[in-house]
>>> print(open('input20.csv').read())   # CSV, C-alpha atoms
chain,number,residue,atom,x,y,z
T,259,MET,CA,-56.4,37.0,95.3
T,260,LEU,CA,-54.1,39.7,96.8
T,261,ASN,CA,-53.9,42.8,94.6
T,262,THR,CA,-50.2,43.4,94.2
T,263,GLY,CA,-50.2,46.1,91.6
T,264,THR,CA,-51.7,47.2,88.3
T,265,ALA,CA,-50.9,46.6,84.7
T,266,SER,CA,-52.6,49.9,84.0
T,267,SER,CA,-54.4,52.4,86.1
T,268,SER,CA,-57.6,50.3,86.1
T,269,THR,CA,-56.6,46.6,85.7
T,270,PRO,CA,-55.6,44.8,88.9
T,271,VAL,CA,-52.9,42.2,88.7
T,272,LEU,CA,-53.8,39.3,91.0
T,273,SER,CA,-51.1,37.0,92.3
T,274,GLY,CA,-51.1,33.8,94.3
T,275,LEU,CA,-52.0,30.1,93.8
T,276,PRO,CA,-53.3,29.7,90.2
T,277,THR,CA,-57.0,28.8,89.9
T,278,ALA,CA,-57.5,28.8,93.7
T,279,ARG,CA,-61.1,29.3,95.0
T,280,ALA,CA,-61.0,28.8,98.8
T,281,VAL,CA,-59.7,26.9,101.7
T,282,ASP,CA,-61.1,23.4,101.3
T,283,HIS,CA,-60.4,21.9,104.7
T,284,TYR,CA,-58.4,22.0,107.9
T,285,ALA,CA,-56.8,18.6,108.7
T,286,PHE,CA,-55.7,17.3,112.1
T,287,THR,CA,-54.2,14.0,113.3
T,288,VAL,CA,-56.0,12.7,116.4
T,289,PRO,CA,-55.2,9.8,118.8
T,290,HIS,CA,-58.7,8.1,118.4
T,291,LEU,CA,-60.8,8.8,115.3
T,292,ASP,CA,-64.1,7.6,116.8
T,293,GLU,CA,-63.6,9.9,119.8
T,294,ALA,CA,-62.9,12.9,117.7
T,295,ILE,CA,-65.8,12.3,115.3
T,296,ALA,CA,-68.1,11.9,118.3
T,297,TYR,CA,-66.9,15.2,119.8
T,298,VAL,CA,-67.0,17.3,116.6
T,299,THR,CA,-70.5,16.0,115.7
T,300,GLY,CA,-72.0,15.6,119.2
T,301,VAL,CA,-70.6,18.7,120.8
T,302,LEU,CA,-69.7,21.1,118.0
T,303,GLY,CA,-72.5,20.1,115.6
T,304,GLY,CA,-70.4,18.9,112.7
T,305,GLU,CA,-72.0,16.7,110.0
T,306,LEU,CA,-70.1,13.5,109.2
T,307,CYS,CA,-69.8,13.2,105.4
T,308,TYR,CA,-67.6,10.1,105.0
T,309,ARG,CA,-65.0,7.8,106.4
T,310,GLU,CA,-62.3,5.9,104.5
T,311,GLY,CA,-59.5,3.6,105.2
T,312,PRO,CA,-57.3,1.9,105.9
T,313,VAL,CA,-55.1,4.1,103.7
T,314,GLU,CA,-51.9,2.1,103.4
T,315,ASP,CA,-49.3,0.5,101.1
T,316,PRO,CA,-48.2,-2.8,102.7
T,317,VAL,CA,-45.2,-3.3,100.4
T,318,GLY,CA,-44.2,-0.1,98.7
T,319,ASP,CA,-43.2,3.5,99.5
T,320,TRP,CA,-46.4,5.3,98.5
T,321,MET,CA,-47.2,6.5,102.0
T,322,THR,CA,-43.8,8.2,102.3
T,323,ARG,CA,-43.8,9.7,98.8
T,324,LYS,CA,-47.3,11.0,98.9
T,325,LEU,CA,-48.1,11.7,102.6
T,326,GLY,CA,-44.6,12.1,104.1
T,327,VAL,CA,-45.1,9.3,106.7
T,328,HIS,CA,-43.4,5.9,107.4
T,329,PRO,CA,-43.9,3.5,104.5
T,330,ARG,CA,-45.7,1.0,106.8
T,331,ALA,CA,-48.0,3.7,108.3
T,332,THR,CA,-51.8,3.1,108.1
T,333,ALA,CA,-54.4,5.9,108.3
T,334,GLN,CA,-58.1,6.0,109.0
T,335,VAL,CA,-59.8,9.3,107.7
T,336,ALA,CA,-63.0,11.1,108.3
T,337,LEU,CA,-64.4,14.3,106.7
T,338,VAL,CA,-66.8,16.4,108.9
T,339,ARG,CA,-68.5,19.6,107.8
T,340,LEU,CA,-68.4,22.2,110.5
T,341,GLY,CA,-70.7,25.2,109.8
T,342,PRO,CA,-71.6,26.8,106.5
T,343,TYR,CA,-68.2,27.1,105.0
T,344,SER,CA,-65.7,24.7,106.6
T,345,ASN,CA,-64.6,21.1,106.5
T,346,LEU,CA,-62.4,19.2,109.0
T,347,GLU,CA,-60.4,16.3,107.9
T,348,LEU,CA,-59.6,14.0,110.8
T,349,PHE,CA,-56.8,11.4,110.7
T,350,GLN,CA,-55.9,8.5,113.0
T,351,TYR,CA,-52.5,7.0,112.1
T,352,THR,CA,-50.8,3.9,113.2
T,353,ALA,CA,-47.1,4.3,112.4
T,354,PRO,CA,-43.7,3.1,113.6
T,355,GLY,CA,-42.0,5.9,115.7
T,356,GLN,CA,-45.3,7.9,116.0
T,357,SER,CA,-45.2,10.7,118.6
T,358,VAL,CA,-48.4,11.0,120.7
T,359,ALA,CA,-47.4,14.3,122.5
T,360,THR,CA,-49.6,17.1,121.2
T,361,PRO,CA,-47.7,20.4,120.7
T,362,GLY,CA,-48.5,23.2,123.1
T,363,PRO,CA,-49.6,26.7,122.0
T,364,SER,CA,-46.1,28.1,122.3
T,365,ASP,CA,-44.5,25.2,120.4
T,366,VAL,CA,-43.7,25.5,116.7
T,367,GLY,CA,-46.4,23.4,115.2
T,368,GLY,CA,-48.9,24.4,117.9
T,369,HIS,CA,-52.4,25.0,116.3
T,370,HIS,CA,-56.0,25.8,117.2
T,371,LEU,CA,-59.4,26.2,115.6
T,372,ALA,CA,-61.3,29.3,116.4
T,373,LEU,CA,-65.1,29.3,116.3
T,374,ALA,CA,-67.5,32.2,116.1
T,375,VAL,CA,-70.6,31.9,118.2
T,376,ALA,CA,-73.7,33.9,118.8
T,377,ASP,CA,-73.3,34.2,122.6
T,378,PRO,CA,-70.0,33.2,124.2
T,379,ASP,CA,-71.5,32.7,127.6
T,380,LEU,CA,-74.1,30.3,126.3
T,381,ALA,CA,-71.5,28.6,124.1
T,382,GLU,CA,-69.2,28.1,127.1
T,383,GLU,CA,-72.0,26.6,129.1
T,384,HIS,CA,-72.7,24.2,126.3
T,385,LEU,CA,-69.0,23.2,126.1
T,386,ARG,CA,-68.7,22.7,129.9
T,387,ARG,CA,-71.8,20.4,129.9
T,388,ALA,CA,-69.9,18.3,127.4
T,389,GLY,CA,-66.8,18.1,129.6
T,390,THR,CA,-64.7,20.6,127.6
T,391,VAL,CA,-62.1,22.3,129.8
T,392,ARG,CA,-61.8,26.1,129.9
T,393,LEU,CA,-58.2,27.3,129.9
T,394,GLY,CA,-57.2,30.3,131.9
T,395,PRO,CA,-58.4,33.9,131.8
T,396,PRO,CA,-59.2,35.8,128.6
T,397,ASP,CA,-56.6,36.0,125.9
T,398,ALA,CA,-53.9,38.6,126.5
T,399,LEU,CA,-54.0,39.9,123.0
T,400,ASP,CA,-57.7,39.6,122.4
T,401,GLY,CA,-59.8,39.8,125.6
T,402,ALA,CA,-62.9,38.7,123.8
T,403,ARG,CA,-61.4,35.3,123.1
T,404,ARG,CA,-61.8,32.3,125.4
T,405,TRP,CA,-59.7,29.1,125.2
T,406,PHE,CA,-60.7,25.5,125.6
T,407,LEU,CA,-59.2,22.0,125.3
T,408,THR,CA,-60.9,19.1,123.6
T,409,PRO,CA,-60.8,15.7,125.3
T,410,TRP,CA,-57.8,14.6,123.2
T,411,GLY,CA,-55.8,17.8,123.8
T,412,MET,CA,-56.6,20.1,120.8
T,413,LEU,CA,-57.1,23.8,121.4
T,414,LEU,CA,-60.3,25.6,120.5
T,415,SER,CA,-61.1,29.2,121.0
T,416,LEU,CA,-64.4,31.0,121.0
T,417,ARG,CA,-65.5,34.6,120.5
T,418,GLY,CA,-68.7,36.3,119.9
T,419,PRO,CA,-70.1,38.0,116.8
T,420,GLY,CA,-69.1,41.6,117.8
T,421,PRO,CA,-67.9,44.1,115.2
T,422,ARG,CA,-64.6,43.5,113.4
T,423,SER,CA,-62.6,46.2,111.9
T,424,HIS,CA,-59.8,44.1,110.4
T,425,GLY,CA,-61.4,43.2,107.1
T,426,GLY,CA,-61.1,39.5,107.5
T,427,PHE,CA,-63.8,36.9,106.9
T,428,VAL,CA,-66.6,37.1,109.6
T,429,PRO,CA,-68.9,34.1,109.9
T,430,GLY,CA,-72.6,34.8,110.3
T,431,PRO,CA,-75.6,35.3,110.5
T,432,ALA,CA,-76.6,32.0,112.1
T,433,ARG,CA,-77.6,29.2,109.8
T,434,TYR,CA,-77.9,26.2,112.1
T,435,ALA,CA,-77.8,22.8,110.5
T,436,ASN,CA,-78.9,20.9,113.6
T,437,ALA,CA,-79.9,21.2,117.2
T,438,VAL,CA,-76.3,20.9,118.5
T,439,GLN,CA,-75.2,23.9,116.4
T,440,ARG,CA,-78.2,25.8,117.8
T,441,SER,CA,-77.2,25.0,121.4
T,442,LEU,CA,-73.6,26.0,120.8
T,443,GLY,CA,-74.7,29.0,118.8
T,444,LEU,CA,-72.2,28.1,116.1
T,445,LEU,CA,-71.8,30.7,113.4
T,446,GLY,CA,-68.8,29.1,111.7
T,447,VAL,CA,-65.1,28.6,111.8
T,448,GLU,CA,-63.5,32.1,112.2
T,449,HIS,CA,-59.9,31.0,111.6
T,450,VAL,CA,-57.3,28.3,111.9
T,451,GLY,CA,-54.2,29.2,113.9
T,452,TYR,CA,-50.7,28.0,113.6
T,453,THR,CA,-47.6,28.8,115.8
T,454,VAL,CA,-44.6,29.3,113.5
T,455,ALA,CA,-40.9,29.8,114.1
T,456,ASP,CA,-40.6,33.0,112.0
T,457,LEU,CA,-43.8,35.1,111.7
T,458,ASP,CA,-42.4,37.4,109.0
T,459,ALA,CA,-41.3,34.5,106.8
T,460,ALA,CA,-44.6,32.7,107.3
T,461,THR,CA,-46.6,35.8,106.5
T,462,ALA,CA,-44.5,36.4,103.4
T,463,PHE,CA,-45.2,32.8,102.2
T,464,PHE,CA,-48.9,33.2,102.7
T,465,THR,CA,-49.1,36.6,100.9
T,466,ASP,CA,-46.4,36.2,98.2
T,467,VAL,CA,-46.9,32.5,97.2
T,468,LEU,CA,-50.6,31.8,98.2
T,469,GLY,CA,-52.1,35.2,97.6
T,470,ALA,CA,-53.4,35.7,101.1
T,471,GLU,CA,-54.3,39.2,102.4
T,472,PRO,CA,-52.9,40.4,105.7
T,473,VAL,CA,-55.7,42.2,107.6
T,474,GLU,CA,-54.5,42.6,111.2
T,475,HIS,CA,-51.2,42.5,113.1
T,476,THR,CA,-50.8,42.5,116.9
T,477,GLU,CA,-47.4,43.1,118.5
T,478,GLY,CA,-47.4,42.0,122.2
T,479,ALA,CA,-50.0,43.2,124.7
T,480,THR,CA,-50.4,46.1,127.0
T,481,ASP,CA,-49.0,46.3,130.5
T,482,GLY,CA,-50.9,44.3,133.0
T,483,ALA,CA,-51.5,41.4,130.6
T,484,GLU,CA,-49.3,39.0,132.6
T,485,GLY,CA,-51.0,35.8,133.7
T,486,HIS,CA,-53.4,35.7,130.8
T,487,TRP,CA,-53.7,32.6,128.6
T,488,PRO,CA,-52.0,31.2,126.5
T,489,PRO,CA,-48.8,31.4,128.6
T,490,GLY,CA,-46.5,34.1,127.2
T,491,ALA,CA,-49.2,35.6,125.0
T,492,GLU,CA,-48.4,39.1,126.2
T,493,ARG,CA,-45.1,38.8,124.4
T,494,SER,CA,-46.4,37.0,121.3
T,495,ARG,CA,-46.7,38.5,117.8
T,496,ARG,CA,-49.8,37.6,115.6
T,497,THR,CA,-50.8,38.3,112.1
T,498,LEU,CA,-54.3,37.5,110.8
T,499,LEU,CA,-54.6,36.8,107.0
T,500,ARG,CA,-57.7,36.4,104.9
T,501,THR,CA,-57.3,33.2,102.9
T,502,GLY,CA,-59.9,33.3,100.2
T,503,PRO,CA,-63.5,34.3,100.4
T,504,THR,CA,-64.6,32.3,103.5
T,505,ALA,CA,-61.6,31.7,105.7
T,506,ASN,CA,-58.9,33.4,107.8
T,507,CYS,CA,-55.5,32.1,109.1
T,508,GLU,CA,-53.9,33.4,112.2
T,509,LEU,CA,-50.1,33.0,112.4
T,510,THR,CA,-48.4,33.4,115.8
T,511,GLN,CA,-44.8,33.6,116.8
T,512,SER,CA,-44.6,32.8,120.5
T,513,GLY,CA,-43.1,35.1,123.0
T,514,THR,CA,-41.8,32.3,125.2
T,515,GLY,CA,-39.4,29.5,124.7
T,516,ALA,CA,-40.9,26.5,122.8
T,517,LEU,CA,-40.6,23.0,124.3
T,518,ARG,CA,-40.4,21.7,120.7
T,519,SER,CA,-38.9,23.7,117.8
T,520,ARG,CA,-40.2,21.5,115.0
T,521,PRO,CA,-43.8,20.8,114.0
T,522,PRO,CA,-45.2,17.3,114.4
T,523,GLY,CA,-45.2,15.0,111.4
T,524,ASN,CA,-48.3,14.0,109.5
T,525,SER,CA,-48.6,10.7,111.4
T,526,ASP,CA,-47.9,12.2,114.8
T,527,VAL,CA,-50.8,13.2,117.1
T,528,GLY,CA,-51.1,16.9,116.4
T,529,GLY,CA,-50.0,16.6,112.8
T,530,HIS,CA,-51.9,18.9,110.6
T,531,HIS,CA,-52.2,20.4,107.1
T,532,LEU,CA,-54.1,23.1,105.2
T,533,ALA,CA,-55.9,22.3,101.9
T,534,PHE,CA,-56.9,24.6,99.1
T,535,TYR,CA,-59.6,24.0,96.6
T,536,VAL,CA,-58.3,24.8,93.1
T,537,ASP,CA,-59.9,24.4,89.6
T,538,ASP,CA,-56.7,23.0,88.1
T,539,VAL,CA,-54.5,20.9,90.4
T,540,ASP,CA,-51.8,20.5,87.6
T,541,ALA,CA,-51.5,24.2,87.0
T,542,ALA,CA,-51.3,24.9,90.7
T,543,ALA,CA,-48.6,22.2,91.0
T,544,SER,CA,-46.6,23.7,88.2
T,545,TYR,CA,-46.6,27.0,89.9
T,546,LEU,CA,-45.7,25.6,93.3
T,547,ARG,CA,-42.8,23.6,91.8
T,548,GLU,CA,-41.1,27.0,91.0
T,549,GLN,CA,-41.5,28.5,94.5
T,550,ARG,CA,-38.4,28.6,96.7
T,551,GLY,CA,-38.6,26.1,99.6
T,552,VAL,CA,-41.7,24.3,98.3
T,553,ARG,CA,-41.4,20.5,97.7
T,554,LEU,CA,-44.1,18.7,95.9
T,555,MET,CA,-44.8,15.2,97.2
T,556,GLY,CA,-44.9,13.4,93.9
T,557,ASP,CA,-47.2,14.3,91.1
T,558,PRO,CA,-51.0,15.0,91.2
T,559,GLU,CA,-53.1,11.9,91.5
T,560,THR,CA,-56.8,11.1,91.0
T,561,ILE,CA,-58.5,8.8,93.5
T,562,THR,CA,-60.2,6.0,91.6
T,563,GLU,CA,-62.2,4.2,94.4
T,564,GLY,CA,-63.8,4.9,97.7
T,565,PRO,CA,-66.1,7.7,99.0
T,566,ILE,CA,-64.3,10.5,97.1
T,567,ALA,CA,-63.4,8.8,93.9
T,568,GLY,CA,-62.6,11.5,91.3
T,569,ASP,CA,-60.8,13.7,93.8
T,570,ARG,CA,-57.5,15.1,92.2
T,571,TRP,CA,-55.0,16.1,94.9
T,572,LEU,CA,-51.4,16.7,95.9
T,573,TYR,CA,-49.6,17.4,99.1
T,574,PHE,CA,-46.6,19.8,99.3
T,575,SER,CA,-44.3,20.8,102.1
T,576,THR,CA,-43.5,24.5,102.7
T,577,PRO,CA,-40.4,26.4,104.0
T,578,ILE,CA,-42.5,27.6,107.0
T,579,GLY,CA,-43.2,24.1,108.4
T,580,ILE,CA,-46.9,23.9,107.6
T,581,GLN,CA,-47.8,21.1,105.2
T,582,MET,CA,-50.4,21.9,102.6
T,583,GLU,CA,-52.5,20.3,99.9
T,584,ILE,CA,-54.2,21.3,96.7
T,585,ILE,CA,-57.4,19.4,95.6
T,586,ASN,CA,-60.2,19.5,93.1
T,587,MET,CA,-63.4,17.5,94.0
T,588,PRO,CA,-66.2,16.7,91.5
T,589,ASP,CA,-68.8,17.7,94.1
T,590,GLY,CA,-72.2,16.6,93.2
T,591,THR,CA,-71.0,13.2,91.8
T,592,LEU,CA,-68.9,11.9,94.6
T,593,PRO,CA,-69.8,8.3,95.8
T,594,TYR,CA,-70.3,9.2,99.4
T,595,GLU,CA,-73.2,11.4,98.4
T,596,THR,CA,-75.4,8.4,97.7
T,597,LEU,CA,-75.1,7.2,101.3
T,598,THR,CA,-75.8,10.4,103.3
T,599,THR,CA,-77.6,13.7,103.2
T,600,ALA,CA,-74.5,15.4,104.6
T,601,ARG,CA,-72.4,17.3,102.1
T,602,ARG,CA,-68.9,18.8,102.1
T,603,ALA,CA,-68.7,22.6,102.3
T,604,THR,CA,-67.7,23.8,98.8
T,605,PRO,CA,-66.8,27.2,97.4
T,606,GLY,CA,-69.6,27.0,94.9
T,607,GLY,CA,-69.2,29.9,92.5
T,608,LEU,CA,-66.9,31.9,94.8
T,609,ARG,CA,-63.4,32.8,93.7
T,610,TRP,CA,-60.4,33.4,95.9
T,611,HIS,CA,-60.7,37.2,95.7
T,612,ASP,CA,-64.5,37.4,96.2
T,613,ARG,CA,-65.6,39.0,99.5
T,614,PRO,CA,-69.2,37.8,100.1
>>> encode(input="input20.csv", output="structure tokens")
Amino acid sequence: MLNTGTASSSTPVLSGLPTARAVDHYAFTVPHLDEAIAYVTGVLGGELCYREGPVEDPVGDWMTRKLGVHPRATAQVALVRLGPYSNLELFQYTAPGQSVATPGPSDVGGHHLALAVADPDLAEEHLRRAGTVRLGPPDALDGARRWFLTPWGMLLSLRGPGPRSHGGFVPGPARYANAVQRSLGLLGVEHVGYTVADLDAATAFFTDVLGAEPVEHTEGATDGAEGHWPPGAERSRRTLLRTGPTANCELTQSGTGALRSRPPGNSDVGGHHLAFYVDDVDAAASYLREQRGVRLMGDPETITEGPIAGDRWLYFSTPIGIQMEIINMPDGTLPYETLTTARRATPGGLRWHDRP
């Protein structure tokens, strides 16, 4: 965790989310689950671990209390491993009043997934063959980054394995799990990105409450960056944070007016959350309960049936508009493991402050 001081000249004091090990998964709500699974597995080389659902409560208010959605909402869920260290949790919701308009990159609630690849040119050729759309010229703040749009409207970015000086997590070397990953040249997920209303407040929450480590900040772009993609990027502010041993999170405050000023809800297309693997969900929940602006969505629960029976988890909302989750999985004894050779990415023996 982030070193915020010392109790003595030689003993570091580590702050942040108690018993945290790593980012467990990035979650996104998509319009059609089958389509998203087919893309993430068939184009990005992900490995489907399990599906579950319907998740619903036909008569009570569990869906509202625990997931923050309409009480009559219904969800179908899939977990796909993507690369050596990362999991994607994909949701398809049916819910009264559901919005199907995906937020744009400049909107509060905009988000993207950044992939590190061995050769950006070959990776782009692979994506184009699969019908993925390239968006605009190179990024105004990071000329090595290329932007793409999935068939359902989610943003992806690619960049190569060149040297990094920022100190964040860098995926690699290549450990391809299948032929699709080899064709894409996938090294891993480099970061998840979120567009926030207040960059300073969001950065403070990640560092002070979660124990993330800021490693790079970019304030606008140089002259002549006009016309690059995303729109308004030359006026944006970005901070990259290291979130545990094998993940980064990029927070962006847009430099242009947002079409929407509130993030999508969980059941809206484009809804999303960020989940952290902790050893003790109850200890982490007790800590979060005391943090300003955090609202726990009920109490920790343990799943008793289905592909991940034994999982203990809890959602919580944050003052920066990004919903989050704490979980602890009994990996190695989960029911889904008897049905497939695919396995969730886990932190193993790594701790939050480890830097492999």
>>> atom_distance(input="input20.csv", atom1="atom CA of Pro289 of chain T", atom2="atom CA of Ile561 of chain T")
25.5 Å
>>> closest_atom_pairs(input="input20.csv", of="segment 267-355 of chain T", to="segment 434-437 of chain T", cutoff="12 Å", atoms="all atoms listed in the file", output="tab-separated table")
residue	atom	partner	partner_atom	distance
T:Thr299	CA	T:Asn436	CA	9.9
T:Gly300	CA	T:Ala437	CA	9.9
T:Val301	CA	T:Ala437	CA	10.3
T:Leu302	CA	T:Asn436	CA	10.2
T:Gly303	CA	T:Asn436	CA	6.8
T:Gly304	CA	T:Ala435	CA	8.6
T:Glu305	CA	T:Ala435	CA	8.4
T:Arg339	CA	T:Ala435	CA	10.2
T:Leu340	CA	T:Ala435	CA	9.4
T:Gly341	CA	T:Ala435	CA	7.5
T:Pro342	CA	T:Ala435	CA	8.4
T:Tyr343	CA	T:Ala435	CA	11.9
>>> write_last_selection(input="input20.csv", atoms="C-alpha atoms", output="compact mmCIF listing (two decimals), in the coordinates of the input")
# COMPACT_ATOMS: atom_id res chain seq x y z
CA THR T 299 -70.50 16.00 115.70
CA GLY T 300 -72.00 15.60 119.20
CA VAL T 301 -70.60 18.70 120.80
CA LEU T 302 -69.70 21.10 118.00
CA GLY T 303 -72.50 20.10 115.60
CA GLY T 304 -70.40 18.90 112.70
CA GLU T 305 -72.00 16.70 110.00
CA ARG T 339 -68.50 19.60 107.80
CA LEU T 340 -68.40 22.20 110.50
CA GLY T 341 -70.70 25.20 109.80
CA PRO T 342 -71.60 26.80 106.50
CA TYR T 343 -68.20 27.10 105.00
>>> atom_distance(input="input20.csv", atom1="atom CA of Arg403 of chain T", atom2="atom CA of Ala603 of chain T")
25.4 Å
>>> residues_around(input="input20.csv", residues="segment 284-286 of chain T", least_positions_apart="2", cutoff="9 Å", atoms="all atoms listed in the file", output="JSON, numbers by chain")
{"T": [281, 282, 288, 337, 344, 345, 346, 347, 348, 349, 350, 371, 450, 524, 527, 528, 529, 530, 531, 532, 533]}
>>> residues_around(input="input20.csv", residues="Gly451 of chain T", least_positions_apart="4", cutoff="6 Å", atoms="only C-alpha atoms", output="JSON, numbers by chain")
{"T": [369, 370, 507, 508, 509]}
>>> write_last_selection(input="input20.csv", atoms="C-alpha atoms", output="mmCIF file, in the frame of the given file")
data_model
loop_
_atom_site.group_PDB
_atom_site.id
_atom_site.type_symbol
_atom_site.label_atom_id
_atom_site.label_comp_id
_atom_site.auth_asym_id
_atom_site.auth_seq_id
_atom_site.Cartn_x
_atom_site.Cartn_y
_atom_site.Cartn_z
ATOM 1 C CA HIS T 369 -52.400 25.000 116.300
ATOM 2 C CA HIS T 370 -56.000 25.800 117.200
ATOM 3 C CA CYS T 507 -55.500 32.100 109.100
ATOM 4 C CA GLU T 508 -53.900 33.400 112.200
ATOM 5 C CA LEU T 509 -50.100 33.000 112.400
#
>>> closest_residue(input="input20.csv", among="T:Ser494, T:Val375, T:Leu608, T:Pro419", to="Gly446 of chain T", atoms="all atoms listed in the file")
T:Val375
>>> residues_around(input="input20.csv", residues="Thr390 of chain T", least_positions_apart="3", cutoff="8 Å", atoms="only C-alpha atoms", output="count of residues only")
7
>>> atom_distance(input="input20.csv", atom1="atom CA of Ala541 of chain T", atom2="atom CA of Arg553 of chain T")
15.2 Å
>>> closest_residue(input="input20.csv", among="T:Leu275, T:Ala331, T:Thr510, T:Thr287", to="Gly411 of chain T", atoms="all atoms listed in the file")
T:Thr287
>>> closest_residue(input="input20.csv", among="T:Ser525, T:Thr604, T:Thr277, T:Thr461", to="Ala359 of chain T", atoms="all atoms listed in the file")
T:Ser525
>>> closest_residue(input="input20.csv", among="T:Arg323, T:Arg392, T:Arg602, T:Arg613", to="Glu471 of chain T", atoms="only C-alpha atoms")
T:Arg613
>>> residues_around(input="input20.csv", residues="Asp569 of chain T", least_positions_apart="4", cutoff="9 Å", atoms="only C-alpha atoms", output="PyMOL selection string")
chain T and resi 559-562+585-589+592
>>> closest_residue(input="input20.csv", among="T:Gly478, T:Gly443, T:Pro378, T:Gly502", to="Gly420 of chain T", atoms="only C-alpha atoms")
T:Pro378
>>> residues_near_point(input="input20.csv", point="(-55.3, 17.1, 98.8)", cutoff="8 Å", atoms="all atoms listed in the file", output="JSON list (two decimals) with C-alpha atoms, in the frame of the given file")
[["chain", "number", "residue", "atom", "x", "y", "z"],
["T", 533, "ALA", "CA", -55.90, 22.30, 101.90],
["T", 534, "PHE", "CA", -56.90, 24.60, 99.10],
["T", 570, "ARG", "CA", -57.50, 15.10, 92.20],
["T", 571, "TRP", "CA", -55.00, 16.10, 94.90],
["T", 572, "LEU", "CA", -51.40, 16.70, 95.90],
["T", 573, "TYR", "CA", -49.60, 17.40, 99.10],
["T", 582, "MET", "CA", -50.40, 21.90, 102.60],
["T", 583, "GLU", "CA", -52.50, 20.30, 99.90],
["T", 584, "ILE", "CA", -54.20, 21.30, 96.70],
["T", 585, "ILE", "CA", -57.40, 19.40, 95.60],
["T", 586, "ASN", "CA", -60.20, 19.50, 93.10]]
>>> closest_residue(input="input20.csv", among="T:Pro396, T:Gly564, T:Pro361, T:Gly425", to="Glu474 of chain T", atoms="only C-alpha atoms")
T:Gly425
>>> residues_around(input="input20.csv", residues="Pro316 of chain T", least_positions_apart="6", cutoff="9 Å", atoms="only C-alpha atoms", output="short mmCIF file (atom, residue, chain, number, x, y, z; two decimals) with C-alpha atoms, in the coordinates of the input")
data_model
loop_
_atom_site.label_atom_id
_atom_site.label_comp_id
_atom_site.auth_asym_id
_atom_site.auth_seq_id
_atom_site.Cartn_x
_atom_site.Cartn_y
_atom_site.Cartn_z
CA PRO T 329 -43.90 3.50 104.50
CA ARG T 330 -45.70 1.00 106.80
CA ALA T 331 -48.00 3.70 108.30
CA THR T 332 -51.80 3.10 108.10
#
